[in-house]
Amino acid sequence: MSQIQVTGNQIQAPENQPLLQQNPETPKYVNELTTLNLGPTHPATHGIFQNVLTMDGEKIVSGVPTIGYIHRAFEKIAEHRPFYQLTTLTDRMNYCSSPINNMGWHMTVEKLLGITVPKRAQYIRVIAMELARIADHLICNSILGVDSGAYTGFLYFFQEREKIYEIYEEICGARLTTNMGRIGGMERDLSDTALAKLKKWVEEFPPVMKEFEKMFNKNRIFRDRTEGVGPLTPERALNYGFTGPNLRAAGVDYDVRVMNPYSSYEDFEFDIPVGTTGDTYDRFMVRNEEIWQSLRIIQQAIDKLPEGRYFADAPEYYLPPKKEVYRSMEALIYHFKIIMGEIEAPVGEVYHSVEGGNGELGFYLVSDGGRTPYRLHFRRPSFIYYQAYPEMCIGTTLSDAIVIMSSLNVIAGELDA
Amino acid sequence: MTHQEIIEDLTGRYGDNIFDIHEPYGLLTLTTKRENIIDLLQYLYNHKTLQIQFLTDLCGIHYPDNIGNELGVIYHVHSLINNIRIRIKVFFPLTDPEIPTATGLYATANWMERETYDFFGIIFKGHPNLKRILNVDEMDYFPMRKEYPLEDQTRRDKQDFHFGR
């Protein structure tokens with residue numbers, strides 16, 4: 001590039017020199033840098049974040065992401081709410097897989113309070129979490145298809161996500177913001193209808209998934225759009241704090257479910273799919289493969305679902321069943337105390353992490369013995385991924401930048417929290 | 001390495017600069033001074049057997065009653081090879097909220113430190129781009145500090161009759 005100074009988005013020619021020179025040594029035209037705002041509300045950003053891209057022709061030279069458009073101060077609100085009321089906040093972080101957030105939060109509080117959850121509740125949690133993971137990956141992969149110009153897969157998968165939501169609805173009554181767990185177990189038992197629906201879906205889903213894979217995996221256009229786009233070396237990914245499918249696509253087999261098992265994940269057999277190059281295609285394939293592994297886990301959990309209670313014997317923390325509230329004095333007292341947020345937690349600090357839909361979702365909770373957390377910090381994987389986005393985009397074109405963003409699976413609610 | 005060996009290894013190198021060692025819920029927790037924090041992180045990063053090279057989480061905390069050590073930064077580091085997590089805390093006064101940045105070691109610390117600055121006003125010296133990330137740039141206070149309650153419950157401009165309710 002010739003002697004050009006860039007100030008803001010305007011190109012200024014050096015003083016006393018015409019912009020277009022007739023000097024034979026310099027090219028007749030001068031490359032102009034363009035500033036392009038990708039977002040805040042762009043259909044391909046899947047949320048409200050702005051990227052100020054500087055482009056040299058079609059190539060991206062640099063990018064500055066701006067976030068914070070939907071910041072809702074969850075950490076501050078958390079300091080003013082009793083523990084059991086906080087589930088509603090976690091729902092709204094990664095809204096594509098809210099059961100995982102819920103369960104992660106409940107497990108954090110249970111760790112703080114020292115409650116052991118019965119096996120049946122743990123298995124139901126595993127089922128809910130794996131369903132959520134599948135739903136999350138369905139959305140991510142199908143929208144990656146949309147962003148690269150393939151709309152059909154999206155329609156296929158939205159139908160399947162709808163069926164998953166119907167199962168949620170059968171388990172807890174809600175669809176998007178599920179709230180299905182409680183401190184100490186589940187809100188209610190897995191009903192026969194829910195189990196029947198789940199079994200039916202687990203049988204019916206694999207053919208759809210196979211068809212989806214047939215549409216994409218060897219599709220020449222899709223592979224040309226994704227292979228070698230936005231690759232990240234394992235060292236760089238680790239340095240950027242990547243976890244979950246995005247890290248595994250780069251070839252590091254770190255999975256919280258295996259490394260620090262929670263909620264009886266150690267009882268189940270599953271593989272960790274690992275990629276090689278860390279490009280967009282690998283991220284896509286890792287998610288596809290994880291859907292199969294999640295199905296495996298769900299199948300095992302259904303087969304081995306133990307009998308017994310679905311909540312722990314912790315009356316001070318677990319909201320008693322309503323019919324007991326009508327009959328027994330203790331249940332009434334505990335019900336009142338829990339609803340009024342009278343429960344005090346022990347002093348302590350705890351870090352608990354679960355394998356969320358797109359990576360390690362951590363909860364760092366400091367309790368000073370009060371009714372609310374003294375400090376709560378969410379380790380939100382999307383927040384950590386997104387800072388690598390400019391680096392992954394540099395040198396690519398705008399259309400590549402779009403698929404890179406989709407494959408990172410950045411959820412605005414989790415990014416901004 | 002067991003927790004005991006790690007503690008011995010670290011106190012052998014840093015002596016009194018590492019204190020307040022305990023293991024709440026099985027996670028090795030230690031406090032250090034801000035002069036050593038980058039050196040400690042670097043040492044853990046390059047340690048032959050530990051190889052703690054993954055920064056899981058970085059966040060701030062504010063204890064208004066803890067005079068002289070009001071503000072704190074908490075690092076959660078993780079060794080993916082040995083599966084050892086360590087929580088490192090650093091405390092410093094509110095009047096001098098400065099700590100060296102960890103961005104030279106971990107690229108991921110960049111936004112985490114910006115978030116911590118945004119919420120607590122902790123200045124990370126040497127950070128390449130220390131500005132607000134989640135709140136608006138014009139904000140002139142640090143909202144996660146304890147002196148800012150969630151909302152003033154006595155304010156009258158938000159009462160229902162102003163909105164026809």
# chains A, B, ... in the order shown; residues from 1 in each chain; ligands from 1
$ select_by_dssp --residues "stretch 340-372 of chain A" --states "strand (DSSP E)" --output "JSON list (two decimals) with all heavy atoms, in the first residue's frame"
[["chain", "number", "residue", "atom", "x", "y", "z"],
["A", 347, "VAL", "N", -21.46, -19.80, 55.09],
["A", 347, "VAL", "CA", -20.40, -18.96, 54.54],
["A", 347, "VAL", "C", -19.49, -19.84, 53.70],
["A", 347, "VAL", "O", -19.16, -20.96, 54.10],
["A", 347, "VAL", "CB", -19.59, -18.32, 55.69],
["A", 347, "VAL", "CG1", -18.47, -17.46, 55.14],
["A", 347, "VAL", "CG2", -20.50, -17.52, 56.58],
["A", 348, "GLY", "N", -19.11, -19.37, 52.56],
["A", 348, "GLY", "CA", -18.20, -20.16, 51.74],
["A", 348, "GLY", "C", -18.15, -19.64, 50.34],
["A", 348, "GLY", "O", -18.90, -18.74, 49.95],
["A", 349, "GLU", "N", -17.22, -20.20, 49.60],
["A", 349, "GLU", "CA", -17.17, -19.84, 48.19],
["A", 349, "GLU", "C", -17.00, -21.11, 47.38],
["A", 349, "GLU", "O", -16.30, -22.03, 47.78],
["A", 349, "GLU", "CB", -16.04, -18.85, 47.90],
["A", 349, "GLU", "CG", -14.68, -19.30, 48.35],
["A", 349, "GLU", "CD", -13.66, -18.21, 48.19],
["A", 349, "GLU", "OE1", -13.74, -17.49, 47.19],
["A", 349, "GLU", "OE2", -12.77, -18.10, 49.03],
["A", 350, "VAL", "N", -17.67, -21.15, 46.27],
["A", 350, "VAL", "CA", -17.68, -22.39, 45.50],
["A", 350, "VAL", "C", -17.64, -22.05, 44.03],
["A", 350, "VAL", "O", -18.23, -21.06, 43.57],
["A", 350, "VAL", "CB", -18.93, -23.24, 45.88],
["A", 350, "VAL", "CG1", -20.20, -22.46, 45.80],
["A", 350, "VAL", "CG2", -19.04, -24.48, 45.04],
["A", 351, "TYR", "N", -16.86, -22.84, 43.31],
["A", 351, "TYR", "CA", -16.87, -22.74, 41.86],
["A", 351, "TYR", "C", -17.35, -24.06, 41.31],
["A", 351, "TYR", "O", -16.82, -25.11, 41.65],
["A", 351, "TYR", "CB", -15.47, -22.42, 41.31],
["A", 351, "TYR", "CG", -15.44, -22.37, 39.80],
["A", 351, "TYR", "CD1", -15.86, -21.23, 39.14],
["A", 351, "TYR", "CD2", -15.05, -23.46, 39.05],
["A", 351, "TYR", "CE1", -15.88, -21.18, 37.76],
["A", 351, "TYR", "CE2", -15.07, -23.42, 37.68],
["A", 351, "TYR", "CZ", -15.48, -22.28, 37.03],
["A", 351, "TYR", "OH", -15.50, -22.23, 35.67],
["A", 352, "HIS", "N", -18.36, -24.01, 40.50],
["A", 352, "HIS", "CA", -18.85, -25.23, 39.88],
["A", 352, "HIS", "C", -19.02, -24.97, 38.39],
["A", 352, "HIS", "O", -19.48, -23.89, 38.00],
["A", 352, "HIS", "CB", -20.18, -25.65, 40.50],
["A", 352, "HIS", "CG", -20.69, -26.96, 39.99],
["A", 352, "HIS", "ND1", -20.16, -28.16, 40.39],
["A", 352, "HIS", "CD2", -21.64, -27.25, 39.09],
["A", 352, "HIS", "CE1", -20.79, -29.14, 39.77],
["A", 352, "HIS", "NE2", -21.69, -28.61, 38.97],
["A", 353, "SER", "N", -18.67, -25.94, 37.58],
["A", 353, "SER", "CA", -18.84, -25.72, 36.15],
["A", 353, "SER", "C", -19.51, -26.92, 35.53],
["A", 353, "SER", "O", -19.33, -28.05, 35.97],
["A", 353, "SER", "CB", -17.50, -25.45, 35.47],
["A", 353, "SER", "OG", -16.63, -26.52, 35.69],
["A", 354, "VAL", "N", -20.30, -26.65, 34.52],
["A", 354, "VAL", "CA", -20.94, -27.72, 33.76],
["A", 354, "VAL", "C", -20.58, -27.52, 32.30],
["A", 354, "VAL", "O", -20.16, -26.44, 31.89],
["A", 354, "VAL", "CB", -22.47, -27.72, 33.93],
["A", 354, "VAL", "CG1", -22.86, -28.07, 35.33],
["A", 354, "VAL", "CG2", -23.07, -26.41, 33.52],
["A", 355, "GLU", "N", -20.74, -28.58, 31.53],
["A", 355, "GLU", "CA", -20.50, -28.49, 30.11],
["A", 355, "GLU", "C", -21.76, -27.95, 29.46],
["A", 355, "GLU", "O", -22.72, -28.67, 29.24],
["A", 355, "GLU", "CB", -20.14, -29.88, 29.56],
["A", 355, "GLU", "CG", -19.86, -29.93, 28.08],
["A", 355, "GLU", "CD", -18.56, -29.27, 27.67],
["A", 355, "GLU", "OE1", -17.64, -29.22, 28.50],
["A", 355, "GLU", "OE2", -18.48, -28.82, 26.53],
["A", 356, "GLY", "N", -21.77, -26.67, 29.20],
["A", 356, "GLY", "CA", -22.95, -26.05, 28.59],
["A", 356, "GLY", "C", -23.02, -26.36, 27.11],
["A", 356, "GLY", "O", -22.18, -27.07, 26.56],
["A", 359, "GLY", "N", -19.82, -24.75, 25.78],
["A", 359, "GLY", "CA", -18.56, -24.73, 26.51],
["A", 359, "GLY", "C", -18.74, -24.76, 28.00],
["A", 359, "GLY", "O", -19.85, -24.95, 28.50],
["A", 360, "GLU", "N", -17.64, -24.55, 28.70],
["A", 360, "GLU", "CA", -17.67, -24.65, 30.14],
["A", 360, "GLU", "C", -18.42, -23.46, 30.73],
["A", 360, "GLU", "O", -17.99, -22.32, 30.63],
["A", 360, "GLU", "CB", -16.25, -24.69, 30.71],
["A", 360, "GLU", "CG", -16.25, -24.72, 32.22],
["A", 360, "GLU", "CD", -14.87, -24.89, 32.81],
["A", 360, "GLU", "OE1", -13.96, -25.32, 32.10],
["A", 360, "GLU", "OE2", -14.72, -24.59, 34.00],
["A", 361, "LEU", "N", -19.55, -23.76, 31.33],
["A", 361, "LEU", "CA", -20.36, -22.72, 31.96],
["A", 361, "LEU", "C", -20.08, -22.80, 33.45],
["A", 361, "LEU", "O", -20.41, -23.79, 34.10],
["A", 361, "LEU", "CB", -21.83, -22.98, 31.66],
["A", 361, "LEU", "CG", -22.83, -22.06, 32.31],
["A", 361, "LEU", "CD1", -22.79, -20.71, 31.65],
["A", 361, "LEU", "CD2", -24.22, -22.63, 32.18],
["A", 362, "GLY", "N", -19.45, -21.77, 33.98],
["A", 362, "GLY", "CA", -19.02, -21.82, 35.37],
["A", 362, "GLY", "C", -19.80, -20.85, 36.23],
["A", 362, "GLY", "O", -20.25, -19.80, 35.78],
["A", 363, "PHE", "N", -19.95, -21.22, 37.50],
["A", 363, "PHE", "CA", -20.61, -20.34, 38.46],
["A", 363, "PHE", "C", -19.66, -20.16, 39.62],
["A", 363, "PHE", "O", -19.29, -21.14, 40.27],
["A", 363, "PHE", "CB", -21.91, -20.97, 38.97],
["A", 363, "PHE", "CG", -22.93, -21.22, 37.90],
["A", 363, "PHE", "CD1", -22.91, -22.39, 37.17],
["A", 363, "PHE", "CD2", -23.90, -20.30, 37.62],
["A", 363, "PHE", "CE1", -23.84, -22.63, 36.18],
["A", 363, "PHE", "CE2", -24.84, -20.53, 36.64],
["A", 363, "PHE", "CZ", -24.81, -21.70, 35.92],
["A", 364, "TYR", "N", -19.25, -18.93, 39.86],
["A", 364, "TYR", "CA", -18.43, -18.66, 41.03],
["A", 364, "TYR", "C", -19.29, -17.91, 42.02],
["A", 364, "TYR", "O", -19.76, -16.81, 41.74],
["A", 364, "TYR", "CB", -17.20, -17.84, 40.63],
["A", 364, "TYR", "CG", -16.39, -17.38, 41.81],
["A", 364, "TYR", "CD1", -15.86, -18.30, 42.70],
["A", 364, "TYR", "CD2", -16.14, -16.04, 42.04],
["A", 364, "TYR", "CE1", -15.13, -17.90, 43.78],
["A", 364, "TYR", "CE2", -15.40, -15.62, 43.12],
["A", 364, "TYR", "CZ", -14.90, -16.56, 43.98],
["A", 364, "TYR", "OH", -14.17, -16.16, 45.06],
["A", 365, "LEU", "N", -19.53, -18.56, 43.16],
["A", 365, "LEU", "CA", -20.50, -18.04, 44.12],
["A", 365, "LEU", "C", -19.81, -17.82, 45.45],
["A", 365, "LEU", "O", -19.19, -18.72, 45.99],
["A", 365, "LEU", "CB", -21.63, -19.08, 44.26],
["A", 365, "LEU", "CG", -22.63, -18.95, 45.39],
["A", 365, "LEU", "CD1", -23.47, -17.72, 45.22],
["A", 365, "LEU", "CD2", -23.52, -20.17, 45.42],
["A", 366, "VAL", "N", -19.89, -16.59, 45.95],
["A", 366, "VAL", "CA", -19.36, -16.27, 47.27],
["A", 366, "VAL", "C", -20.55, -15.99, 48.17],
["A", 366, "VAL", "O", -21.40, -15.16, 47.85],
["A", 366, "VAL", "CB", -18.43, -15.04, 47.23],
["A", 366, "VAL", "CG1", -17.89, -14.74, 48.61],
["A", 366, "VAL", "CG2", -17.30, -15.25, 46.26],
["A", 367, "SER", "N", -20.61, -16.72, 49.27],
["A", 367, "SER", "CA", -21.71, -16.51, 50.21],
["A", 367, "SER", "C", -21.14, -16.01, 51.52],
["A", 367, "SER", "O", -20.14, -16.52, 52.01],
["A", 367, "SER", "CB", -22.43, -17.85, 50.43],
["A", 367, "SER", "OG", -23.24, -17.76, 51.56],
["A", 368, "ASP", "N", -21.77, -14.97, 52.07],
["A", 368, "ASP", "CA", -21.32, -14.46, 53.36],
["A", 368, "ASP", "C", -22.28, -14.89, 54.47],
["A", 368, "ASP", "O", -22.29, -14.29, 55.53],
["A", 368, "ASP", "CB", -21.19, -12.93, 53.33],
["A", 368, "ASP", "CG", -22.52, -12.25, 53.10],
["A", 368, "ASP", "OD1", -23.45, -12.93, 52.64],
["A", 368, "ASP", "OD2", -22.64, -11.04, 53.37]]
$ interface_residues --of "chain A" --to "chain B" --cutoff "9 Å" --atoms "only C-alpha atoms" --output "count of residues only"
41
$ atom_distance --atom1 "atom CA of A:Thr177" --atom2 "atom CA of A:Asn94"
9.8 Å
$ residues_around --residues "A:Glu342" --least-positions-apart "3" --cutoff "10 Å" --atoms "only C-alpha atoms" --output "list in words"
Pro82, Glu316, Tyr334, Phe336, Lys337, Ile338, Ile339, Ala345, Gly370, Arg371 and Thr372 of chain A
$ residues_around --residues "stretch 34-46 of chain B" --least-positions-apart "6" --cutoff "8 Å" --atoms "only C-alpha atoms" --output "compact mmCIF listing (two decimals) with C-alpha atoms, in the first residue's frame"
# COMPACT_ATOMS: atom_id res chain seq x y z
CA ASN B 17 3.86 -13.62 49.89
CA ILE B 52 -1.40 -24.60 34.59
CA GLN B 53 -1.99 -22.93 31.26
CA VAL B 90 -5.31 -10.60 45.20
CA PHE B 91 -6.59 -7.79 47.38
CA PHE B 92 -5.66 -4.12 47.29
CA ILE B 99 -2.97 -4.45 39.26
CA PRO B 100 -0.76 -5.63 36.40
CA THR B 101 -2.55 -7.16 33.47
CA ALA B 102 -2.45 -10.84 32.62
CA LEU B 105 0.05 -14.52 29.36
$ atom_distance --atom1 "atom CA of B:Pro93" --atom2 "atom CA of B:Asn66"
9.0 Å
$ atom_distance --atom1 "atom CA of A:Pro273" --atom2 "atom CA of A:Tyr168"
26.4 Å
